$ cat coords-v1.pdb   # PDB, C-alpha atoms
MODEL        1
ATOM      1  CA  MET A  29     -24.301  51.036 -64.878
ATOM      2  CA  SER A  30     -23.259  51.195 -68.526
ATOM      3  CA  SER A  31     -24.010  48.265 -70.793
ATOM      4  CA  GLU A  32     -20.255  47.676 -71.081
ATOM      5  CA  ALA A  33     -19.929  47.542 -67.289
ATOM      6  CA  SER A  34     -22.988  45.319 -66.943
ATOM      7  CA  GLY A  35     -21.576  43.074 -69.679
ATOM      8  CA  ALA A  36     -18.277  42.839 -67.808
ATOM      9  CA  ALA A  37     -20.135  42.012 -64.580
ATOM     10  CA  ALA A  38     -22.116  39.277 -66.336
ATOM     11  CA  LEU A  39     -18.915  37.792 -67.786
ATOM     12  CA  ALA A  40     -17.258  37.897 -64.348
ATOM     13  CA  GLU A  41     -20.258  36.073 -62.832
ATOM     14  CA  LEU A  42     -20.166  33.369 -65.530
ATOM     15  CA  GLU A  43     -16.410  32.950 -65.039
ATOM     16  CA  GLU A  44     -16.856  32.687 -61.263
ATOM     17  CA  ASP A  45     -19.491  29.959 -61.730
ATOM     18  CA  GLU A  46     -16.960  27.974 -63.736
ATOM     19  CA  ARG A  47     -14.295  28.355 -61.034
ATOM     20  CA  ARG A  48     -16.522  27.375 -58.125
ATOM     21  CA  LEU A  49     -18.397  24.504 -59.776
ATOM     22  CA  THR A  50     -15.392  22.191 -59.814
ATOM     23  CA  LEU A  51     -15.819  18.542 -58.893
ATOM     24  CA  ASP A  52     -13.551  16.286 -56.846
ATOM     25  CA  ARG A  53     -14.356  13.355 -59.153
ATOM     26  CA  PHE A  54     -16.830  12.391 -61.852
ATOM     27  CA  GLY A  55     -17.765   8.822 -62.663
ATOM     28  CA  ASN A  56     -20.703   6.952 -64.127
ATOM     29  CA  ASP A  57     -22.647   6.903 -60.854
ATOM     30  CA  ASP A  58     -22.068  10.650 -60.471
ATOM     31  CA  ALA A  59     -23.523  11.189 -63.958
ATOM     32  CA  TRP A  60     -26.644   9.260 -62.951
ATOM     33  CA  ARG A  61     -27.040  11.290 -59.737
ATOM     34  CA  LEU A  62     -26.506  14.644 -61.478
ATOM     35  CA  GLY A  63     -28.755  13.765 -64.397
ATOM     36  CA  SER A  64     -31.507  12.491 -62.107
ATOM     37  CA  LEU A  65     -31.228  15.635 -59.986
ATOM     38  CA  LEU A  66     -31.594  17.836 -63.096
ATOM     39  CA  ALA A  67     -34.536  15.770 -64.335
ATOM     40  CA  GLY A  68     -36.205  16.167 -60.936
ATOM     41  CA  LEU A  69     -35.734  19.945 -60.971
ATOM     42  CA  ALA A  70     -37.136  20.144 -64.493
ATOM     43  CA  ARG A  71     -40.158  17.976 -63.597
ATOM     44  CA  GLU A  72     -40.893  20.129 -60.516
ATOM     45  CA  ARG A  73     -41.028  23.182 -62.797
ATOM     46  CA  GLY A  74     -42.907  21.512 -65.620
ATOM     47  CA  ALA A  75     -39.964  22.264 -67.908
ATOM     48  CA  ALA A  76     -39.875  20.365 -71.195
ATOM     49  CA  VAL A  77     -36.133  19.758 -71.473
ATOM     50  CA  THR A  78     -33.674  17.180 -72.648
ATOM     51  CA  ILE A  79     -30.659  16.496 -70.427
ATOM     52  CA  GLY A  80     -27.399  14.982 -71.584
ATOM     53  CA  ILE A  81     -24.181  14.177 -69.754
ATOM     54  CA  ARG A  82     -21.000  13.104 -71.519
ATOM     55  CA  ARG A  83     -17.567  12.120 -70.290
ATOM     56  CA  GLY A  84     -15.250  12.325 -73.258
ATOM     57  CA  ALA A  85     -16.870  10.531 -76.173
ATOM     58  CA  GLN A  86     -19.182   8.450 -73.959
ATOM     59  CA  GLN A  87     -22.760   9.462 -73.223
ATOM     60  CA  LEU A  88     -23.371   8.613 -69.570
ATOM     61  CA  PHE A  89     -26.874  10.050 -69.131
ATOM     62  CA  HIS A  90     -29.730  11.060 -71.400
ATOM     63  CA  CYS A  91     -33.287  12.038 -70.504
ATOM     64  CA  ALA A  92     -35.898  13.576 -72.783
ATOM     65  CA  LEU A  93     -38.890  14.836 -70.841
ATOM     66  CA  PRO A  94     -42.360  15.092 -72.427
ATOM     67  CA  GLY A  95     -42.623  17.991 -74.850
ATOM     68  CA  THR A  96     -39.110  17.655 -76.254
ATOM     69  CA  SER A  97     -37.989  16.436 -79.653
ATOM     70  CA  ALA A  98     -34.936  15.268 -81.556
ATOM     71  CA  ASP A  99     -34.131  18.950 -82.116
ATOM     72  CA  ASN A 100     -33.219  19.168 -78.426
ATOM     73  CA  ASP A 101     -30.727  16.317 -78.897
ATOM     74  CA  ALA A 102     -29.149  18.230 -81.791
ATOM     75  CA  TRP A 103     -28.899  21.401 -79.674
ATOM     76  CA  ILE A 104     -27.218  19.462 -76.875
ATOM     77  CA  ALA A 105     -24.673  18.003 -79.301
ATOM     78  CA  ARG A 106     -23.906  21.448 -80.765
ATOM     79  CA  LYS A 107     -23.564  23.100 -77.350
ATOM     80  CA  CYS A 108     -21.400  20.261 -75.990
ATOM     81  CA  ARG A 109     -19.026  20.625 -78.946
ATOM     82  CA  VAL A 110     -18.456  24.232 -77.841
ATOM     83  CA  VAL A 111     -17.627  23.045 -74.306
ATOM     84  CA  GLU A 112     -15.247  20.408 -75.705
ATOM     85  CA  ARG A 113     -13.500  22.923 -77.964
ATOM     86  CA  TYR A 114     -13.236  25.868 -75.561
ATOM     87  CA  GLY A 115     -13.244  24.140 -72.150
ATOM     88  CA  GLU A 116     -15.879  26.612 -70.932
ATOM     89  CA  SER A 117     -19.658  26.766 -70.818
ATOM     90  CA  SER A 118     -21.441  27.366 -74.094
ATOM     91  CA  PHE A 119     -23.120  30.420 -72.527
ATOM     92  CA  LEU A 120     -19.792  31.971 -71.457
ATOM     93  CA  VAL A 121     -18.269  31.404 -74.901
ATOM     94  CA  GLY A 122     -21.237  33.095 -76.585
ATOM     95  CA  ALA A 123     -21.192  35.952 -74.058
ATOM     96  CA  ARG A 124     -17.508  36.622 -74.756
ATOM     97  CA  PHE A 125     -18.213  36.977 -78.476
ATOM     98  CA  ARG A 126     -21.178  39.268 -77.777
ATOM     99  CA  ALA A 127     -19.081  41.398 -75.382
ATOM    100  CA  LYS A 128     -16.750  42.110 -78.314
ATOM    101  CA  GLY A 129     -19.703  43.148 -80.471
ATOM    102  CA  ARG A 130     -19.540  39.990 -82.583
ATOM    103  CA  THR A 131     -21.531  36.820 -82.880
ATOM    104  CA  PHE A 132     -20.142  33.357 -82.420
ATOM    105  CA  GLU A 133     -21.725  32.225 -85.674
ATOM    106  CA  GLU A 134     -20.035  34.974 -87.720
ATOM    107  CA  SER A 135     -16.690  35.154 -85.930
ATOM    108  CA  SER A 136     -15.744  31.685 -84.656
ATOM    109  CA  ARG A 137     -15.143  30.222 -88.118
ATOM    110  CA  LEU A 138     -16.896  27.063 -86.904
ATOM    111  CA  ASP A 139     -19.811  25.379 -88.660
ATOM    112  CA  PRO A 140     -23.034  26.600 -86.959
ATOM    113  CA  ASP A 141     -24.671  23.285 -87.841
ATOM    114  CA  ARG A 142     -22.125  21.602 -85.534
ATOM    115  CA  TYR A 143     -21.399  24.271 -82.871
ATOM    116  CA  ALA A 144     -23.780  26.484 -80.871
ATOM    117  CA  ALA A 145     -22.538  28.964 -78.274
ATOM    118  CA  HIS A 146     -25.954  29.191 -76.633
ATOM    119  CA  GLY A 147     -26.569  28.628 -72.947
ATOM    120  CA  GLY A 148     -27.106  25.169 -71.588
ATOM    121  CA  ALA A 149     -23.864  23.170 -71.752
ATOM    122  CA  PHE A 150     -21.401  23.350 -68.877
ATOM    123  CA  PRO A 151     -17.981  21.748 -68.463
ATOM    124  CA  LEU A 152     -17.520  18.955 -65.955
ATOM    125  CA  ARG A 153     -14.228  20.106 -64.483
ATOM    126  CA  VAL A 154     -12.461  17.798 -62.031
ATOM    127  CA  ARG A 155     -10.017  19.327 -59.580
ATOM    128  CA  GLY A 156      -6.451  18.427 -60.541
ATOM    129  CA  THR A 157      -7.541  16.937 -63.892
ATOM    130  CA  GLY A 158      -9.424  19.576 -65.879
ATOM    131  CA  VAL A 159     -12.468  19.251 -68.101
ATOM    132  CA  VAL A 160     -13.554  15.615 -68.443
ATOM    133  CA  GLY A 161     -16.964  16.089 -70.025
ATOM    134  CA  ALA A 162     -20.081  18.205 -70.228
ATOM    135  CA  VAL A 163     -23.586  18.395 -68.826
ATOM    136  CA  ALA A 164     -26.230  20.014 -71.008
ATOM    137  CA  VAL A 165     -29.876  21.025 -71.001
ATOM    138  CA  SER A 166     -31.973  22.047 -73.999
ATOM    139  CA  GLY A 167     -35.565  23.208 -74.188
ATOM    140  CA  LEU A 168     -35.748  26.560 -72.409
ATOM    141  CA  ALA A 169     -34.424  30.014 -73.318
ATOM    142  CA  GLN A 170     -30.622  29.875 -73.310
ATOM    143  CA  ALA A 171     -30.180  31.797 -70.035
ATOM    144  CA  GLU A 172     -32.705  29.460 -68.367
ATOM    145  CA  ASP A 173     -30.993  26.343 -69.753
ATOM    146  CA  HIS A 174     -27.716  27.631 -68.309
ATOM    147  CA  ALA A 175     -29.281  28.550 -64.959
ATOM    148  CA  LEU A 176     -30.852  25.090 -64.612
ATOM    149  CA  VAL A 177     -27.480  23.399 -65.168
ATOM    150  CA  VAL A 178     -25.759  25.746 -62.692
ATOM    151  CA  GLU A 179     -28.441  25.114 -60.064
ATOM    152  CA  GLY A 180     -28.160  21.376 -60.620
ATOM    153  CA  LEU A 181     -24.383  21.440 -60.224
ATOM    154  CA  GLU A 182     -24.675  23.576 -57.076
ATOM    155  CA  ARG A 183     -27.089  21.075 -55.509
ATOM    156  CA  PHE A 184     -24.988  18.132 -56.684
ATOM    157  CA  LEU A 185     -21.879  19.593 -55.039
ATOM    158  CA  ALA A 186     -23.789  20.400 -51.837
ATOM    159  CA  GLU A 187     -24.937  16.756 -51.613
ATOM    160  CA  SER A 188     -21.497  15.281 -52.370
TER     161      SER A 188
ENDMDL
END

$ encode --input "coords-v1.pdb" --output "C-alpha cells"
Amino acid sequence: MSSEASGAAALAELEEDERRLTLDRFGNDDAWRLGSLLAGLARERGAAVTIGIRRGAQQLFHCALPGTSADNDAWIARKCRVVERYGESSFLVGARFRAKGRTFEESSRLDPDRYAAHGGAFPLRVRGTGVVGAVAVSGLAQAEDHALVVEGLERFLAES
C-alpha cells in the first residue's frame, strides 16, 4: 500500500471513530464516570497521564496521575482548543494537515503556544446537539494519548 493510500486509510479510520463515538447525553455525572474510567485504564497500565474533561468553558473533571506535571495541563488546554475550533479530534486535525504535506503549526495560522494538533483531545459529540465539550489525555506519545481516549469512550458507551 502506498503511503498516500495508507494515509487515506488512517484518516478514514479517525473519521469513523468520530462518527461512531457519539453520545446520547453528557452531563456532570457522565464526566465523572468517563474520567474515572480513563484514570483506571491509565493506572492499570502504569501510564503517567493527566486527564481533563470540559463541557463548554467549564472543567468537569481533572486528574493528574503521579509522574505528570503542569506541562501536561498546558498540553491538554492547547489540544482542547483545537477540538473547540475544528469540532474534531486534535489527532484528526493534525493528520489532515500532514496528509496535505503541511504541518498544523506552519499552516493553520494559529498560535502554537495556544493550539496543538497532537493526539489526545477528542470531541464530546451528543447526538442531535453536536460537540458540547472535549475529553483529553496528555503524557504519552500522541497516538497513544488518542488511543487511550478512544478506548475510554468505547468502554463508556458500552457501559451506558

$ residues_around --input "coords-v1.pdb" --residues "segment 82-94 of chain A" --least-positions-apart "5" --cutoff "12 Å" --atoms "all atoms listed in the file" --output "ChimeraX atom specification"
/A:53-77,99-101,104-105,107-109,111-113,149-154,158-167

$ resolve_selection --input "coords-v1.pdb" --expression "the PyMOL selection byres ((chain A and resi 46-48) around 9)" --output "count of residues only"
13

$ atom_distance --input "coords-v1.pdb" --atom1 "atom CA of Ala175 of chain A" --atom2 "atom CA of Arg106 of chain A"
18.1 Å

$ atom_distance --input "coords-v1.pdb" --atom1 "atom CA of Gly147 of chain A" --atom2 "atom CA of Ala123 of chain A"
9.2 Å

$ atom_distance --input "coords-v1.pdb" --atom1 "atom CA of Arg130 of chain A" --atom2 "atom CA of Val110 of chain A"
16.5 Å

$ closest_residue --input "coords-v1.pdb" --among "A:Gln170, A:Ala145, A:Ala98, A:Lys128" --to "Tyr114 of chain A" --atoms "all atoms listed in the file"
A:Ala145

$ decode --input "coords-v1.pdb" --residues "segment 117-170 of chain A" --atoms "C-alpha atoms" --output "CSV table (one decimal), in the first residue's frame"
chain,number,residue,atom,x,y,z
A,117,SER,CA,-10.2,15.4,17.5
A,118,SER,CA,-6.8,17.1,17.8
A,119,PHE,CA,-5.2,14.0,16.2
A,120,LEU,CA,-7.5,14.0,13.2
A,121,VAL,CA,-6.9,17.8,12.6
A,122,GLY,CA,-3.1,17.2,12.7
A,123,ALA,CA,-3.4,14.2,10.4
A,124,ARG,CA,-5.3,16.2,7.8
A,125,PHE,CA,-2.6,18.8,7.7
A,126,ARG,CA,0.1,16.1,7.4
A,127,ALA,CA,-1.8,14.3,4.7
A,128,LYS,CA,-1.5,17.5,2.6
A,129,GLY,CA,2.2,17.6,3.2
A,130,ARG,CA,2.0,20.5,5.7
A,131,THR,CA,2.2,21.0,9.4
A,132,PHE,CA,-0.5,22.4,11.6
A,133,GLU,CA,2.0,24.8,13.2
A,134,GLU,CA,3.1,26.3,9.9
A,135,SER,CA,-0.2,26.3,8.0
A,136,SER,CA,-3.1,26.8,10.5
A,137,ARG,CA,-2.2,30.5,11.2
A,138,LEU,CA,-2.9,29.8,14.8
A,139,ASP,CA,-0.6,30.5,17.7
A,140,PRO,CA,1.3,27.2,18.6
A,141,ASP,CA,1.5,28.3,22.2
A,142,ARG,CA,-2.3,28.2,22.3
A,143,TYR,CA,-3.2,25.4,19.8
A,144,ALA,CA,-1.7,21.9,19.4
A,145,ALA,CA,-3.0,19.5,16.8
A,146,HIS,CA,-1.4,16.5,18.5
A,147,GLY,CA,-3.3,13.4,19.6
A,148,GLY,CA,-5.1,13.2,22.8
A,149,ALA,CA,-8.2,15.5,22.7
A,150,PHE,CA,-11.5,14.2,21.4
A,151,PRO,CA,-14.8,15.9,20.9
A,152,LEU,CA,-17.7,15.0,23.1
A,153,ARG,CA,-20.4,14.9,20.5
A,154,VAL,CA,-24.0,14.5,21.6
A,155,ARG,CA,-26.5,13.0,19.1
A,156,GLY,CA,-28.9,15.7,17.9
A,157,THR,CA,-26.8,18.5,19.5
A,158,GLY,CA,-23.3,18.4,18.2
A,159,VAL,CA,-20.0,19.0,20.0
A,160,VAL,CA,-20.5,20.0,23.7
A,161,GLY,CA,-17.0,19.6,25.0
A,162,ALA,CA,-13.8,17.7,24.9
A,163,VAL,CA,-12.0,14.9,26.7
A,164,ALA,CA,-8.3,14.9,26.7
A,165,VAL,CA,-5.2,12.9,27.8
A,166,SER,CA,-1.6,14.1,27.9
A,167,GLY,CA,1.5,12.2,28.9
A,168,LEU,CA,2.1,9.5,26.3
A,169,ALA,CA,3.1,9.7,22.6
A,170,GLN,CA,0.3,11.4,20.7
